[in-house]
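Raw entry.txt, compact mmCIF, C-alpha atoms:
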# COMPACT_ATOMS: atom_id res chain seq x y z
CA MET A 199 69.93 101.32 128.78
CA PRO A 200 70.02 97.56 127.99
CA ASP A 201 70.49 96.52 124.38
CA PRO A 202 67.33 95.38 122.62
CA LYS A 203 66.87 91.71 122.04
CA GLU A 204 68.42 90.17 118.98
CA ILE A 205 66.63 87.34 117.21
CA ILE A 206 68.82 84.87 115.37
CA GLU A 207 67.76 81.86 113.33
CA VAL A 208 69.64 78.62 113.98
CA CYS A 209 68.69 75.20 112.60
CA GLY A 210 65.39 76.65 111.45
CA ARG A 211 64.57 77.90 114.96
CA LYS A 212 64.39 81.43 116.28
CA VAL A 213 66.56 82.10 119.32
CA SER A 214 66.19 85.31 121.30
CA ILE A 215 69.42 86.85 122.60
CA SER A 216 68.79 89.37 125.37
CA ASN A 217 71.30 92.18 125.95
CA PRO A 218 73.66 90.92 123.23
CA GLY A 219 76.13 93.75 123.89
CA LYS A 220 76.54 92.87 127.57
CA ILE A 221 80.24 92.48 128.40
CA TYR A 222 81.07 88.95 129.51
CA PHE A 223 84.89 89.13 129.49
CA PRO A 224 85.92 92.69 130.43
CA GLN A 225 89.62 92.17 129.80
CA HIS A 226 89.01 91.68 126.08
CA GLY A 227 85.63 93.36 125.61
CA ILE A 228 83.96 90.06 124.72
CA THR A 229 80.16 90.29 124.75
CA LYS A 230 77.32 87.85 125.23
CA ALA A 231 76.76 87.94 121.47
CA ASP A 232 80.41 86.96 120.95
CA VAL A 233 79.92 83.96 123.25
CA VAL A 234 76.81 82.90 121.30
CA ARG A 235 78.66 83.27 117.98
CA TYR A 236 81.57 81.26 119.34
CA TYR A 237 79.35 78.31 120.23
CA LEU A 238 77.66 78.41 116.86
CA THR A 239 81.06 78.39 115.14
CA VAL A 240 82.33 75.36 117.10
CA ALA A 241 78.95 73.62 117.28
CA GLY A 242 80.18 70.49 115.50
CA GLY A 243 82.78 69.83 118.18
CA ALA A 244 80.78 71.12 121.14
CA LEU A 245 77.78 68.94 120.32
CA ARG A 246 79.94 65.83 120.38
CA GLY A 247 80.35 66.48 124.09
CA VAL A 248 76.84 67.57 125.05
CA ALA A 249 74.23 66.41 122.53
CA GLY A 250 71.62 64.12 124.01
CA ARG A 251 72.93 64.48 127.57
CA PRO A 252 71.21 66.09 130.58
CA MET A 253 73.06 69.25 131.52
CA VAL A 254 73.51 71.30 134.67
CA LEU A 255 73.17 75.01 133.84
CA LYS A 256 76.11 76.88 135.32
CA ARG A 257 75.04 80.48 134.80
CA TYR A 258 77.12 83.65 134.86
CA VAL A 259 74.41 86.21 134.24
CA ASN A 260 76.84 89.07 134.94
CA GLY A 261 79.64 87.63 132.86
CA ALA A 262 82.84 85.82 133.75
CA ALA A 263 83.79 88.44 136.35
CA GLY A 264 80.53 87.93 138.23
CA GLU A 265 79.43 85.16 140.55
CA GLY A 266 78.15 82.00 138.89
CA PHE A 267 75.42 79.73 140.18
CA PHE A 268 74.24 76.22 139.39
CA GLN A 269 70.74 75.51 138.15
CA LYS A 270 69.72 71.90 137.77
CA ARG A 271 66.10 72.47 136.89
CA ALA A 272 65.25 73.61 133.40
CA PRO A 273 63.72 77.11 133.36
CA ALA A 274 59.92 77.00 133.29
CA SER A 275 59.94 79.62 130.54
CA ARG A 276 61.69 77.92 127.64
CA PRO A 277 61.01 77.25 123.97
CA ALA A 278 58.90 74.22 123.21
CA TRP A 279 61.77 72.74 121.20
CA ILE A 280 64.14 72.59 124.19
CA GLU A 281 64.13 69.01 125.41
CA THR A 282 64.36 67.93 129.04
CA VAL A 283 64.70 64.69 130.97
CA GLU A 284 64.09 63.82 134.60
CA LEU A 285 67.33 62.99 136.39
CA ARG A 286 67.41 61.48 139.89
CA PHE A 287 70.20 62.35 142.30
CA PRO A 288 71.88 60.49 145.20
CA SER A 289 69.93 62.73 147.61
CA GLY A 290 66.69 61.13 146.41
CA ARG A 291 65.56 64.32 144.71
CA SER A 292 65.00 64.73 141.01
CA ALA A 293 64.92 67.52 138.46
CA GLU A 294 63.97 68.09 134.84
CA GLU A 295 67.29 69.01 133.26
CA VAL A 296 67.95 70.61 129.90
CA VAL A 297 69.06 68.38 127.03
CA VAL A 298 70.80 70.18 124.15
CA THR A 299 70.35 68.46 120.81
CA ASP A 300 71.50 70.99 118.22
CA ALA A 301 73.23 74.32 117.65
CA ALA A 302 70.04 76.23 118.47
CA GLY A 303 70.16 74.68 121.94
CA LEU A 304 73.77 75.81 122.33
CA ALA A 305 72.76 79.38 121.49
CA TRP A 306 69.84 79.22 123.92
CA VAL A 307 71.90 78.06 126.92
CA ALA A 308 74.63 80.61 126.07
CA ASN A 309 71.96 83.31 126.23
CA LEU A 310 71.15 82.14 129.78
CA GLY A 311 74.71 82.95 130.80
CA CYS A 312 76.13 79.44 130.49
CA ILE A 313 79.74 80.26 129.69
CA ASP A 314 80.82 76.64 130.02
CA LEU A 315 78.77 73.49 129.36
CA ASN A 316 78.39 70.86 132.07
CA PRO A 317 76.76 67.66 130.81
CA HIS A 318 76.37 64.41 132.72
CA PRO A 319 78.24 61.33 131.42
CA VAL A 320 75.00 59.63 130.34
CA ARG A 321 72.62 59.95 127.42
CA VAL A 322 68.86 60.33 127.62
CA GLY A 323 68.30 56.79 126.35
CA ASP A 324 69.99 55.28 129.42
CA LEU A 325 70.39 57.51 132.46
CA ASP A 326 71.74 54.75 134.73
CA HIS A 327 74.77 53.61 132.74
CA PRO A 328 77.48 56.17 131.85
CA ASP A 329 79.15 56.01 128.46
CA GLU A 330 82.15 58.08 129.58
CA LEU A 331 84.89 57.65 132.15
CA ARG A 332 86.44 61.02 132.95
CA VAL A 333 89.96 61.56 134.27
CA ASP A 334 90.35 64.99 135.88
CA LEU A 335 93.93 65.94 136.73
CA ASP A 336 93.83 68.55 139.49
CA PRO A 337 97.18 70.01 140.64
CA VAL A 338 97.91 71.18 144.16
CA PRO A 339 99.01 74.84 144.30
CA GLY A 340 102.55 75.39 143.03
CA VAL A 341 102.68 72.39 140.70
CA PRO A 342 104.09 73.41 137.28
CA TYR A 343 101.88 72.79 134.28
CA GLN A 344 104.50 70.53 132.70
CA GLN A 345 104.05 68.10 135.60
CA ILE A 346 100.34 67.91 134.83
CA LEU A 347 101.17 67.05 131.22
CA ASP A 348 103.66 64.41 132.37
CA VAL A 349 100.91 62.79 134.45
CA ALA A 350 98.58 62.97 131.46
CA MET A 351 101.03 60.91 129.42
CA VAL A 352 101.25 58.35 132.23
CA ALA A 353 97.45 58.25 132.32
CA ARG A 354 97.28 57.66 128.55
CA ASP A 355 99.59 54.65 128.76
CA THR A 356 97.84 53.28 131.85
CA MET A 357 94.44 53.53 130.18
CA ALA A 358 95.74 51.85 127.04
CA ASP A 359 97.20 48.98 129.08
CA LEU A 360 93.79 48.53 130.70
CA GLY A 361 91.81 48.50 127.46
CA LEU A 362 90.69 52.13 127.14
CA THR A 363 91.43 54.83 124.57
CA GLY A 364 92.12 58.19 126.18
CA TRP A 365 91.05 61.44 124.52
CA PRO A 366 92.92 64.47 125.96
CA LYS A 367 91.84 68.08 126.34
CA THR A 368 92.91 71.12 128.25
CA SER A 369 90.53 72.00 131.05
CA GLY A 370 90.64 75.70 130.26
CA SER A 371 91.52 76.19 133.92
CA ARG A 372 94.39 74.83 136.04
CA GLY A 373 94.07 71.14 135.28
CA PHE A 374 93.76 68.69 132.40
CA HIS A 375 91.08 66.23 131.29
CA ILE A 376 91.19 62.82 129.63
CA TYR A 377 87.95 61.15 128.55
CA ALA A 378 87.33 57.55 127.55
CA ARG A 379 84.22 56.38 125.78
CA ILE A 380 82.95 53.20 127.41
CA GLU A 381 80.21 50.75 126.63
CA PRO A 382 77.11 51.77 128.65
CA ARG A 383 76.96 48.50 130.59
CA TRP A 384 78.05 49.55 134.06
CA THR A 385 76.43 51.56 136.86
CA PHE A 386 77.76 54.85 138.19
CA THR A 387 79.14 53.03 141.23
CA GLU A 388 81.01 50.55 139.05
CA VAL A 389 82.40 53.28 136.81
CA ARG A 390 83.59 55.21 139.86
CA SER A 391 85.24 52.05 141.23
CA CYS A 392 87.10 51.77 137.94
CA ALA A 393 88.14 55.42 138.19
CA VAL A 394 89.50 54.76 141.70
CA ALA A 395 91.46 51.76 140.44
CA LEU A 396 92.81 53.81 137.52
CA ALA A 397 93.85 56.67 139.81
CA ARG A 398 95.66 54.27 142.14
CA GLU A 399 97.46 52.63 139.22
CA ILE A 400 98.57 56.02 137.88
CA GLU A 401 99.90 56.84 141.35
CA ARG A 402 101.80 53.54 141.46
CA ARG A 403 103.43 54.28 138.13
CA ALA A 404 104.29 57.90 138.94
CA PRO A 405 104.32 58.23 142.76
CA VAL A 406 106.39 61.40 142.74
CA LEU A 407 104.16 63.14 140.18
CA ALA A 408 100.63 61.95 140.94
CA THR A 409 98.37 61.10 143.85
CA ALA A 410 95.06 59.35 144.39
CA ARG A 411 94.65 60.76 147.92
CA TRP A 412 91.30 62.49 148.43
CA TRP A 413 92.22 64.71 151.39
CA LYS A 414 94.04 67.84 150.29
CA GLU A 415 96.38 67.82 153.26
CA GLU A 416 97.74 64.44 152.09
CA ARG A 417 98.17 65.37 148.45
CA GLN A 418 101.38 66.14 146.66
CA GLY A 419 101.69 66.72 142.94
CA VAL A 420 98.70 66.11 140.67
CA PHE A 421 95.49 64.66 142.09
CA VAL A 422 93.71 62.14 139.85
CA ASP A 423 90.15 63.04 140.81
CA TYR A 424 88.22 59.78 140.62
CA ASN A 425 85.13 61.34 142.22
CA GLN A 426 84.31 63.25 139.04
CA ASN A 427 82.78 59.92 138.03
CA ALA A 428 80.34 59.83 140.94
CA LYS A 429 76.71 60.31 140.00
CA ASP A 430 75.63 63.97 139.87
CA ARG A 431 79.18 65.19 139.11
CA THR A 432 79.79 67.11 135.89
CA VAL A 433 82.88 68.40 134.09
CA ALA A 434 83.20 71.25 131.59
CA SER A 435 82.87 69.57 128.21
CA ALA A 436 84.95 69.83 125.04
CA TYR A 437 85.03 73.30 123.47
CA SER A 438 83.56 74.88 126.59
CA LEU A 439 84.57 78.45 127.23
CA ARG A 440 85.77 78.91 130.80
CA PRO A 441 84.99 81.89 133.07
CA VAL A 442 88.60 83.08 133.29
CA PRO A 443 89.79 86.55 132.23
CA ASP A 444 91.37 85.52 128.92
CA ALA A 445 88.34 83.43 127.80
CA ARG A 446 90.19 80.15 127.52
CA VAL A 447 88.61 77.08 125.97
CA SER A 448 88.65 73.47 127.13
CA THR A 449 90.25 72.26 123.93
CA PRO A 450 90.56 68.71 122.53
CA LEU A 451 94.10 67.79 121.52
CA ARG A 452 95.98 65.10 119.65
CA TRP A 453 98.32 63.17 121.91
CA ASP A 454 101.36 64.44 120.03
CA GLU A 455 100.29 67.97 121.02
CA VAL A 456 100.11 67.26 124.75
CA PRO A 457 103.80 67.40 125.80
CA GLY A 458 104.67 71.07 126.20
CA CYS A 459 101.24 72.42 125.22
CA ASP A 460 100.30 75.90 126.45
CA PRO A 461 96.68 76.13 127.65
CA ALA A 462 96.78 79.93 127.30
CA SER A 463 97.02 79.55 123.53
CA PHE A 464 93.51 78.07 123.29
CA THR A 465 90.97 80.89 123.60
CA ILE A 466 87.75 82.17 122.11
CA ALA A 467 89.90 84.01 119.54
CA THR A 468 92.02 81.04 118.42
CA VAL A 469 89.98 77.84 118.79
CA PRO A 470 87.42 78.47 116.00
CA ARG A 471 90.26 78.93 113.50
CA ARG A 472 92.05 75.85 114.85
CA LEU A 473 88.90 73.73 114.48
CA ALA A 474 88.40 74.95 110.91
CA GLU A 475 92.01 74.25 109.95
CA ILE A 476 92.75 70.87 111.58
CA GLY A 477 89.30 69.53 112.36
CA ASP A 478 88.24 68.05 115.67
CA PRO A 479 90.89 65.77 117.22
CA TRP A 480 88.09 63.88 118.95
CA THR A 481 86.46 62.77 115.69
CA GLY A 482 86.11 59.02 115.97
CA MET A 483 85.67 59.06 119.72
CA ASP A 484 82.17 57.60 119.56
CA ASP A 485 83.52 54.62 117.61
CA ALA A 486 86.10 53.81 120.28
CA ALA A 487 83.94 52.68 123.21
CA GLY A 488 85.97 50.42 125.46
CA SER A 489 85.31 47.81 128.13
CA LEU A 490 85.81 48.25 131.88
CA ASP A 491 86.45 44.56 132.49
CA GLN A 492 90.19 44.99 133.13
CA LEU A 493 89.67 47.95 135.44
CA LEU A 494 86.98 46.09 137.38
CA GLU A 495 89.44 43.23 137.81
CA ARG A 496 92.06 45.71 139.02
CA ALA A 497 89.55 47.16 141.50
CA ASP A 498 88.87 43.64 142.83
CA GLN A 499 92.61 43.07 143.21
CA ASP A 500 92.93 46.27 145.25
CA GLN A 501 90.05 45.20 147.48
CA ARG A 502 91.55 41.74 148.04
CA ALA A 503 94.84 43.43 148.91
CA GLY A 504 93.05 45.27 151.73
CA LEU A 505 92.58 48.69 150.14
CA PRO A 506 89.31 50.31 151.27
CA ASP A 507 86.92 52.08 148.96
CA ALA A 508 88.26 55.59 148.41
CA THR A 509 86.49 58.50 150.09
CA TRP A 510 83.27 59.69 148.47
CA PRO A 511 82.20 63.36 148.25
CA PRO A 512 80.62 64.68 151.46
CA HIS A 513 76.99 64.73 150.29
CA PHE A 514 76.97 61.02 149.34
CA ALA A 515 75.86 58.30 151.74
CA LYS A 516 78.78 56.44 153.28
CA ALA A 517 79.59 53.39 151.17
CA GLU A 518 80.26 49.90 152.45
CA GLY A 519 84.01 49.43 152.84
CA GLU A 520 84.76 53.13 152.49
CA GLU A 521 87.76 54.48 154.35
CA PRO A 522 87.02 56.89 157.24
CA ARG A 523 85.36 60.02 155.90
CA VAL A 524 87.33 62.27 158.23
CA GLN A 525 90.38 64.27 157.27
CA PRO A 526 93.48 62.67 158.82
CA SER A 527 94.29 65.92 160.62
CA LYS A 528 90.86 65.89 162.27
CA ARG A 529 90.96 62.41 163.72
CA ARG A 530 92.65 63.18 167.02
CA THR A 531 93.65 65.72 169.68
CA ALA A 532 92.51 69.36 169.66
CA VAL A 533 90.10 71.56 167.73
CA ALA A 534 91.83 74.24 165.65
CA PRO A 535 91.25 77.71 167.15
CA ALA A 536 88.64 79.95 165.56
CA ALA A 537 89.38 83.36 164.11
CA PRO A 538 88.17 86.28 166.25
CA GLY A 539 84.40 86.56 166.03
CA LYS A 540 83.97 83.08 164.50
CA SER A 541 82.38 80.04 166.11
CA TYR A 542 84.69 77.50 164.48
CA GLY A 543 88.13 77.47 162.93
CA ALA A 544 90.21 75.74 160.26
CA SER A 545 89.13 72.23 161.31
CA GLY A 546 85.47 73.04 161.81
CA ARG A 547 84.35 71.54 165.10
CA ARG A 548 86.40 68.40 164.57
CA ARG A 549 89.58 67.54 166.40
CA THR A 550 92.90 67.82 164.58
CA THR A 551 96.53 66.76 164.90
CA MET A 552 97.68 69.37 162.38
CA PRO A 553 98.52 73.01 163.17
CA LEU A 554 95.86 74.52 160.92
CA ILE A 555 94.90 78.19 160.69
CA GLU A 556 92.26 79.80 158.54
CA ILE A 557 93.12 82.76 156.32
CA ALA A 558 90.05 83.67 154.28
CA ARG A 559 86.44 82.95 153.44
CA ALA A 560 85.67 84.69 150.17
CA ALA A 561 83.01 84.84 147.48
CA SER A 562 85.68 84.25 144.82
CA GLN A 563 89.00 82.47 144.69
CA ALA A 564 90.71 85.67 143.54
CA GLU A 565 89.59 87.51 146.69
CA ALA A 566 90.73 84.63 148.88
CA LEU A 567 94.15 84.44 147.22
CA ALA A 568 94.57 88.20 147.59
CA GLY A 569 93.93 87.74 151.31
CA LEU A 570 96.56 85.00 151.41
CA ASP A 571 99.07 87.36 149.77
CA ARG A 572 98.41 89.95 152.48
CA TRP A 573 98.97 87.31 155.19
CA LYS A 574 102.26 86.30 153.55
CA GLU A 575 103.42 89.91 153.53
CA ARG A 576 102.86 90.11 157.30
CA HIS A 577 104.49 86.74 158.00
CA PRO A 578 107.32 86.35 155.44
CA GLU A 579 109.38 83.90 157.54
CA ALA A 580 106.50 81.48 158.00
CA ALA A 581 105.34 81.92 154.39
CA ALA A 582 108.80 81.00 153.09
CA GLN A 583 108.58 77.59 154.76
CA LEU A 584 105.19 76.61 153.40
CA GLN A 585 105.11 73.84 150.80
CA PRO A 586 102.49 73.86 148.01
CA ALA A 587 100.56 71.07 149.74
CA ASP A 588 100.38 73.18 152.93
CA ILE A 589 98.13 75.76 151.24
CA LEU A 590 94.60 74.33 151.33
CA VAL A 591 92.30 76.09 148.87
CA ASP A 592 88.82 74.68 149.38
CA SER A 593 85.85 75.19 147.09
CA MET A 594 82.90 75.23 149.49
CA ARG A 595 79.29 74.55 148.62
CA GLY A 596 76.93 77.43 149.28
CA ARG A 597 73.20 77.51 148.67
CA SER A 598 73.41 77.69 144.86
CA SER A 599 77.04 78.58 144.21
CA THR A 600 80.48 77.92 145.58
CA TRP A 601 82.75 80.09 147.70
CA THR A 602 86.43 79.77 148.60
CA ARG A 603 88.12 79.05 151.91
CA ILE A 604 91.89 79.14 152.41
CA ARG A 605 93.59 77.36 155.29
CA LEU A 606 97.28 76.85 156.02
CA ASN A 607 98.91 73.78 157.49
CA LEU A 608 101.88 75.07 159.49
CA ARG A 609 103.44 71.61 159.94
CA ASN A 610 106.64 72.71 158.12
CA VAL A 611 106.97 75.91 160.16
CA PRO A 612 108.92 75.52 163.45
CA GLN A 613 106.53 75.78 166.37
CA GLU A 614 108.13 78.94 167.75
CA GLN A 615 107.66 80.68 164.37
CA ARG A 616 104.04 79.70 163.78
CA PRO A 617 101.67 82.69 163.63
CA GLU A 618 98.56 82.49 165.76
CA GLN A 619 95.07 82.36 164.31
CA GLU A 620 94.15 85.94 163.40
CA ALA A 621 91.07 87.71 162.13
CA LEU A 622 90.22 86.49 158.64
CA GLU A 623 91.74 88.47 155.77
CA VAL A 624 88.44 88.12 153.91
CA ASP A 625 85.29 87.36 155.89
CA TYR A 626 82.46 86.32 153.57
CA ASP A 627 79.36 84.57 154.91
CA PRO A 628 77.41 82.76 152.18
CA TRP A 629 74.67 81.96 154.68
CA ASN A 630 74.02 85.53 155.75
CA GLY A 631 70.28 85.79 156.37
CA LEU A 632 69.75 82.07 155.69
CA PRO A 633 69.71 78.99 157.92
CA ASP A 634 73.28 77.68 158.12
CA PRO A 635 73.30 73.88 157.58
CA ARG A 636 76.82 73.67 159.05
CA LYS A 637 75.68 74.62 162.54
CA ASN A 638 75.25 71.03 163.64
CA SER A 639 77.72 69.22 161.46
CA GLY A 640 80.72 71.45 160.74
CA GLU A 641 81.75 72.63 157.28
CA SER A 642 82.41 70.35 154.37
CA ALA A 643 84.28 71.19 151.19
CA THR A 644 84.10 70.02 147.65
CA SER A 645 87.46 68.67 146.64

Mind turning the file's structure into structure tokens?
Amino acid sequence: MPDPKEIIEVCGRKVSISNPGKIYFPQHGITKADVVRYYLTVAGGALRGVAGRPMVLKRYVNGAAGEGFFQKRAPASRPAWIETVELRFPSGRSAEEVVVTDAAGLAWVANLGCIDLNPHPVRVGDLDHPDELRVDLDPVPGVPYQQILDVAMVARDTMADLGLTGWPKTSGSRGFHIYARIEPRWTFTEVRSCAVALAREIERRAPVLATARWWKEERQGVFVDYNQNAKDRTVASAYSLRPVPDARVSTPLRWDEVPGCDPASFTIATVPRRLAEIGDPWTGMDDAAGSLDQLLERADQDQRAGLPDATWPPHFAKAEGEEPRVQPSKRRTAVAPAAPGKSYGASGRRRTTMPLIEIARAASQAEALAGLDRWKERHPEAAAQLQPADILVDSMRGRSSTWTRIRLNLRNVPQEQRPEQEALEVDYDPWNGLPDPRKNSGESATS
């Protein structure tokens, strides 16, 4: 039988917590009530990242082990003291999104199943001009964590040389984040252009370690994801819990802590004590807003040198001067074969020069990776010749959540040893019973 509701008082407001004993992190027995208490304990730091900003609700109503879904629109049934603001998206649509302003708001969204917090980089007073530039370091599979930290140090120095102060934090997942407060004088498009220029400069300074290439099949090392600065993109904010088994936290750091840091040491059990003992390393961030003038000049230099605008995410309108929005492997020759029973294969319906095969379509990344392990067991010789960049793990957009597709690029496997396309190891259909928008256009992935 479900636990009765628990009413807590926060900031003079009553917040109802439904099913407080519901297990959210089974590995450690962490409950919904524990998640609420965590956010109240770290509220000072967490609010620095979310207060006064519209927020996408990323809800895990069955805990971290369940499937999450995104909710842009604020629930119709909400307390009168929960603020909202209308946010317009590149699609032309709009939604009233939640705006957290105090610790009571943190408790309320945690009760909805929001394990992590996903605010936009704007404040309610000016929704058209971001006050943050966000650097998201996203490693390709197989990249050691130390390499990510090495790229972070390169990013710090690059940002400093271009007039910005970088504020580092663990992502709580595989990557690493660096934020910069900026003066809210530039549009989303201008901020993204600066992020592209920054990513390209980081790649120039560390070409073996980092890449600014959008297409996964071209990446090696750590991808500097400039598109996290496109409008409508959000990133888990500082002190966000993450939906991973050990309840890690996206934790702000001092720069002297970055080399050699262990992201597994920052969890729901350790971060509150750390915050109490050393304070918030991001104190002072709001007083360090920088200018984008040097990055805008660098972006102009790249354009004059003949570099096209970097690829935008698939659901954005094609920009003037943007490079071809087609994966290099899909620009010529044949269509990759489909798995038995499927209408399209690893390249969708597009033509490809690369020997791609599809391994899994799964509701979760863990299921997809388990399917990949089974494939490797059947094909050990081919598996041994795969490079990290040959394993393409795609987060695909479903109706209200994401699912995972795994493809393999067999370019490094001799042709006579390449396995044929087989039945999928995991065969999940997120569109089962719904109209499939890919029928006429092929699949597209979030990067």

Which of A:Ser448, A:Asn610, A:Thr509, A:Gln615 sits closest to A:Pro578 [using only C-alpha atoms]
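Among the listed residues, A:Gln615 lies closest to A:Pro578.
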
At what distance in Å, to one decimal, does atom CA of A:Arg471 lie from atom CA of A:Ala308?
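These two atoms are separated by 20.1 Å.
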
Just checking: using only C-alpha atoms, which residue out of A:Val352, A:Val307, A:Val447, A:Cys312 ends up closest to A:Gly370?
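Checking each candidate against A:Gly370, we get A:Val447 as the closest.
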
Given the choices A:Gly364, A:Pro317, A:Gly340, A:Gly569, which gets closest to A:Ala244 if the distance is worked out from all atoms listed in the file?
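When distances to A:Ala244 are compared using all atoms listed in the file, the smallest one comes from A:Pro317.
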
Shortest contact to A:Ser369, candidates A:Gly519, A:Pro612, A:Pro450, A:Gly477, atoms counted only C-alpha atoms, goes to A:Pro450

As an exercise, work out the distance from atom CA of A:Pro511 to atom CA of A:Asp348 in Å and give it to one decimal place.
26.7 Å
